[in-house]
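Notes follow once the structure below has been shown.
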Amino acid sequence: MEFYETVRKRRSIRAYLKKPIPDDIFRRIMDAARLAPSAKNLQPWKFIVIRDNSRKREIARICKERTWIADASVIIAGVATNPDYRMGSGQPSSQIDLAIALTHITLAAASESLGTCWIGSFDLPAAKKYLAIPDEYILVGFMTLGYPAESPPQKDRKSLEEIIVSEQWHE
Ligand SMILES: Cc1cc2nc3c(=O)[nH]c(=O)nc-3n(C[C@H](O)[C@H](O)[C@H](O)COP(=O)(O)O)c2cc1C
């Protein structure tokens, strides 16, 4: 799929078919995450891939009982492994790096006609414990991945005029 078409067609998908993802397609999608840019090329990420049905149900429970999450073929947990690193600006980068890599996953998936949904609503301590993530690392978010069982309409977005300002900040 052409890039801008992929960007336009991507949606957050919250209903999935019970159809497995071929391994070559899954690897292509994860390779898009692997190739994402990161501050200082530290690649401060690890992606926990959850396929087991009972584990997916438990993740859905931890994600505030959103049962549809367990219907996705795969749930990916994005973990930032270098939370202390700060860019030259002084701002921490690892959660930004994870967001970029997860965004690559959303777009690669869309170009393969697969759906994703970023999940930022979950019980953080319970999720880290269940997935055995070391205390010092950050569980940035979950992402569902699977064949869509819905085609939601495009949601509203602000116009370019509302989000671009010239030369210096103004409202
Ligand atoms: C950081 C982040 C966190 C999100 N958390 C959730 C979530 O917990 N549950 C959910 O159903 N969707 C979640 N979403 C999906 C957004 O609701 C969705 O991207 C937004 O409404 C725009 O819709 P679209 O992705 O279909 O264009 C999240 C998206 C982002 C980027």
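Ligands are numbered from 1 in the order shown, chains are lettered A, B, ... in the order of the structure tokens, and residues start at 1 in each chain.
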Within 9 Å of ligand 1: each chain A residue with its shortest pair, only C-alpha atoms and all ligand atoms, as a Markdown table:
```
| residue | atom | partner | partner_atom_place_in_ligand_line | distance |
| --- | --- | --- | --- | --- |
| A:Arg8 | CA | ligand 1 | 27 (O) | 8.8 |
| A:Lys9 | CA | ligand 1 | 27 (O) | 8.8 |
| A:Arg10 | CA | ligand 1 | 27 (O) | 6.7 |
| A:Arg11 | CA | ligand 1 | 26 (O) | 3.6 |
| A:Ser12 | CA | ligand 1 | 26 (O) | 3.8 |
| A:Ile13 | CA | ligand 1 | 26 (O) | 6.9 |
| A:Arg14 | CA | ligand 1 | 11 (O) | 6.8 |
| A:Cys63 | CA | ligand 1 | 8 (O) | 7.5 |
| A:Lys64 | CA | ligand 1 | 8 (O) | 8.7 |
| A:Arg66 | CA | ligand 1 | 11 (O) | 8.1 |
| A:Ile69 | CA | ligand 1 | 11 (O) | 8.9 |
| A:Ala99 | CA | ligand 1 | 1 (C) | 7.7 |
| A:Thr103 | CA | ligand 1 | 31 (C) | 8.4 |
| A:Thr116 | CA | ligand 1 | 25 (O) | 8.5 |
| A:Cys117 | CA | ligand 1 | 15 (C) | 5.8 |
| A:Trp118 | CA | ligand 1 | 28 (C) | 4.6 |
| A:Ile119 | CA | ligand 1 | 8 (O) | 3.7 |
| A:Gly120 | CA | ligand 1 | 5 (N) | 3.8 |
| A:Ser121 | CA | ligand 1 | 8 (O) | 3.8 |
| A:Phe122 | CA | ligand 1 | 8 (O) | 7.0 |
| A:Val140 | CA | ligand 1 | 1 (C) | 8.7 |
| A:Gly141 | CA | ligand 1 | 3 (C) | 7.4 |
| A:Phe142 | CA | ligand 1 | 8 (O) | 8.4 |
| A:Met143 | CA | ligand 1 | 6 (C) | 8.9 |
| A:Pro152 | CA | ligand 1 | 26 (O) | 7.3 |
| A:Pro153 | CA | ligand 1 | 26 (O) | 7.9 |
| A:Gln154 | CA | ligand 1 | 27 (O) | 6.3 |
| A:Lys155 | CA | ligand 1 | 27 (O) | 5.6 |
| A:Asp156 | CA | ligand 1 | 27 (O) | 8.1 |
| A:Arg157 | CA | ligand 1 | 27 (O) | 8.5 |
```
Surrounding residues of Lys19 of chain A excluding itself and chain neighbours under 4 positions, 8 Å, only C-alpha atoms, as a list of chain:residue names: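 Close residues of Lys19 of chain A: A:Ser73, A:Gly146, A:Tyr147.
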Residues flagged strand (DSSP E) by DSSP in chain A, as a ChimeraX atom specification: /A:45-50,74-80,115-119,138-146
Members of chain A assigned alpha helix (DSSP H) by DSSP, as a PyMOL selection string: chain A and resi 3-9+23-34+53-62+94-111+124-130+160-163
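Our summary of the geometry notes that atom CA of Ile138 of chain A is positioned 21.7 Å from atom CA of Glu65 of chain A.
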Near-Leu139 of chain A list (10 Å; only C-alpha atoms; drop same-chain fewer than 4 positions) as an NGL selection string: :A and (45-47 or 77-81 or 95 or 98 or 120 or 124-125 or 127-128 or 131 or 133-135)
Those same residues, written as a short mmCIF file (atom, residue, chain, number, x, y, z; two decimals), in the first residue's frame with all heavy atoms?
```
data_model
loop_
_atom_site.label_atom_id
_atom_site.label_comp_id
_atom_site.auth_asym_id
_atom_site.auth_seq_id
_atom_site.Cartn_x
_atom_site.Cartn_y
_atom_site.Cartn_z
N TRP A 45 14.45 -0.64 23.61
CA TRP A 45 13.13 -1.26 23.60
C TRP A 45 13.19 -2.78 23.62
O TRP A 45 14.17 -3.40 23.21
CB TRP A 45 12.33 -0.82 22.38
CG TRP A 45 13.09 -0.78 21.09
CD1 TRP A 45 13.82 -1.78 20.51
CD2 TRP A 45 13.18 0.33 20.19
NE1 TRP A 45 14.36 -1.37 19.33
CE2 TRP A 45 13.97 -0.07 19.10
CE3 TRP A 45 12.66 1.63 20.19
CZ2 TRP A 45 14.26 0.78 18.03
CZ3 TRP A 45 12.95 2.46 19.12
CH2 TRP A 45 13.74 2.04 18.06
N LYS A 46 12.12 -3.33 24.14
CA LYS A 46 11.88 -4.76 24.08
C LYS A 46 10.37 -4.89 23.89
O LYS A 46 9.61 -4.13 24.50
CB LYS A 46 12.31 -5.38 25.42
CG LYS A 46 12.67 -6.82 25.41
CD LYS A 46 14.01 -7.08 24.78
CE LYS A 46 14.88 -7.98 25.64
NZ LYS A 46 16.15 -8.30 24.99
N PHE A 47 9.97 -5.82 23.03
CA PHE A 47 8.55 -5.99 22.75
C PHE A 47 8.13 -7.39 23.22
O PHE A 47 8.65 -8.38 22.70
CB PHE A 47 8.27 -5.81 21.26
CG PHE A 47 8.72 -4.46 20.76
CD1 PHE A 47 9.97 -4.30 20.18
CD2 PHE A 47 7.91 -3.35 20.91
CE1 PHE A 47 10.41 -3.05 19.75
CE2 PHE A 47 8.33 -2.09 20.50
CZ PHE A 47 9.58 -1.94 19.91
N ALA A 77 3.45 -5.80 24.17
CA ALA A 77 3.74 -4.83 25.24
C ALA A 77 5.06 -4.15 24.90
O ALA A 77 6.08 -4.83 24.67
CB ALA A 77 3.85 -5.56 26.59
N GLY A 78 5.05 -2.83 24.84
CA GLY A 78 6.26 -2.07 24.51
C GLY A 78 6.95 -1.62 25.79
O GLY A 78 6.37 -0.88 26.59
N VAL A 79 8.19 -2.08 25.98
CA VAL A 79 8.91 -1.81 27.22
C VAL A 79 10.14 -0.95 26.93
O VAL A 79 10.95 -1.29 26.05
CB VAL A 79 9.36 -3.13 27.90
CG1 VAL A 79 10.08 -2.85 29.21
CG2 VAL A 79 8.16 -4.06 28.12
N ALA A 80 10.28 0.16 27.67
CA ALA A 80 11.44 1.04 27.52
C ALA A 80 12.51 0.59 28.50
O ALA A 80 12.28 0.55 29.71
CB ALA A 80 11.04 2.49 27.78
N THR A 81 13.69 0.28 27.95
CA THR A 81 14.72 -0.36 28.78
C THR A 81 15.84 0.59 29.20
O THR A 81 16.81 0.14 29.82
CB THR A 81 15.33 -1.55 28.01
OG1 THR A 81 15.82 -1.06 26.76
CG2 THR A 81 14.32 -2.64 27.78
N GLN A 95 10.59 6.91 26.28
CA GLN A 95 9.16 6.73 25.97
C GLN A 95 8.82 7.27 24.58
O GLN A 95 7.95 6.73 23.89
CB GLN A 95 8.29 7.40 27.04
CG GLN A 95 8.50 6.76 28.40
CD GLN A 95 7.37 7.06 29.36
OE1 GLN A 95 6.21 6.91 29.03
NE2 GLN A 95 7.71 7.49 30.55
N LEU A 98 9.91 4.57 22.18
CA LEU A 98 8.91 3.49 22.14
C LEU A 98 7.69 3.90 21.33
O LEU A 98 7.15 3.10 20.56
CB LEU A 98 8.49 3.11 23.57
CG LEU A 98 9.12 1.85 24.15
CD1 LEU A 98 8.60 0.59 23.47
CD2 LEU A 98 10.64 1.86 24.06
N GLY A 120 -3.38 2.48 26.31
CA GLY A 120 -2.65 3.21 27.34
C GLY A 120 -3.37 3.16 28.68
O GLY A 120 -2.90 3.73 29.66
N LEU A 124 -0.96 -0.35 35.80
CA LEU A 124 0.48 -0.44 35.54
C LEU A 124 1.21 -1.42 36.47
O LEU A 124 1.93 -2.31 35.98
CB LEU A 124 1.10 0.96 35.58
CG LEU A 124 2.59 1.07 35.34
CD1 LEU A 124 2.98 0.50 33.98
CD2 LEU A 124 3.04 2.54 35.43
N PRO A 125 1.02 -1.32 37.80
CA PRO A 125 1.75 -2.27 38.67
C PRO A 125 1.35 -3.72 38.38
O PRO A 125 2.22 -4.60 38.32
CB PRO A 125 1.32 -1.86 40.09
CG PRO A 125 0.83 -0.45 39.97
CD PRO A 125 0.27 -0.31 38.58
N ALA A 127 0.26 -4.98 35.56
CA ALA A 127 0.78 -5.39 34.25
C ALA A 127 2.26 -5.73 34.35
O ALA A 127 2.73 -6.75 33.82
CB ALA A 127 0.54 -4.29 33.23
N LYS A 128 3.02 -4.87 35.04
CA LYS A 128 4.46 -5.12 35.16
C LYS A 128 4.73 -6.41 35.92
O LYS A 128 5.61 -7.20 35.55
CB LYS A 128 5.15 -3.94 35.85
CG LYS A 128 5.32 -2.73 34.92
CD LYS A 128 6.13 -1.62 35.56
CE LYS A 128 7.62 -1.92 35.57
NZ LYS A 128 8.41 -0.77 36.01
N LEU A 131 3.80 -9.52 33.73
CA LEU A 131 4.74 -9.76 32.63
C LEU A 131 6.18 -9.87 33.10
O LEU A 131 7.10 -10.00 32.28
CB LEU A 131 4.60 -8.64 31.58
CG LEU A 131 3.24 -8.60 30.87
CD1 LEU A 131 3.12 -7.35 30.00
CD2 LEU A 131 3.03 -9.85 30.02
N ILE A 133 8.19 -7.66 34.28
CA ILE A 133 9.05 -6.57 33.78
C ILE A 133 9.81 -5.98 34.96
O ILE A 133 9.21 -5.61 35.98
CB ILE A 133 8.18 -5.48 33.10
CG1 ILE A 133 7.47 -6.08 31.88
CG2 ILE A 133 9.04 -4.27 32.70
CD1 ILE A 133 6.40 -5.19 31.28
N PRO A 134 11.13 -5.88 34.87
CA PRO A 134 11.92 -5.33 35.99
C PRO A 134 11.43 -3.92 36.37
O PRO A 134 11.03 -3.14 35.50
CB PRO A 134 13.35 -5.27 35.42
CG PRO A 134 13.37 -6.30 34.33
CD PRO A 134 11.98 -6.33 33.75
N ASP A 135 11.49 -3.64 37.67
CA ASP A 135 10.99 -2.35 38.20
C ASP A 135 11.54 -1.15 37.45
O ASP A 135 10.83 -0.17 37.22
CB ASP A 135 11.43 -2.21 39.68
CG ASP A 135 10.50 -2.96 40.59
OD1 ASP A 135 9.46 -3.45 40.10
OD2 ASP A 135 10.83 -3.07 41.79
#
```
Within 12 Å of segment 25-34 of chain A using only C-alpha atoms, minus same-chain residues under 3 positions, as JSON, numbers by chain: {"A": [20, 21, 22, 37, 38, 41, 42, 43, 44, 45, 46, 47, 48, 49, 73, 74, 75, 76, 78, 97, 98, 99, 100, 101, 102, 103, 104, 105, 106, 107, 108, 109, 110, 111, 112, 113, 114, 115, 116, 145, 146, 147]}
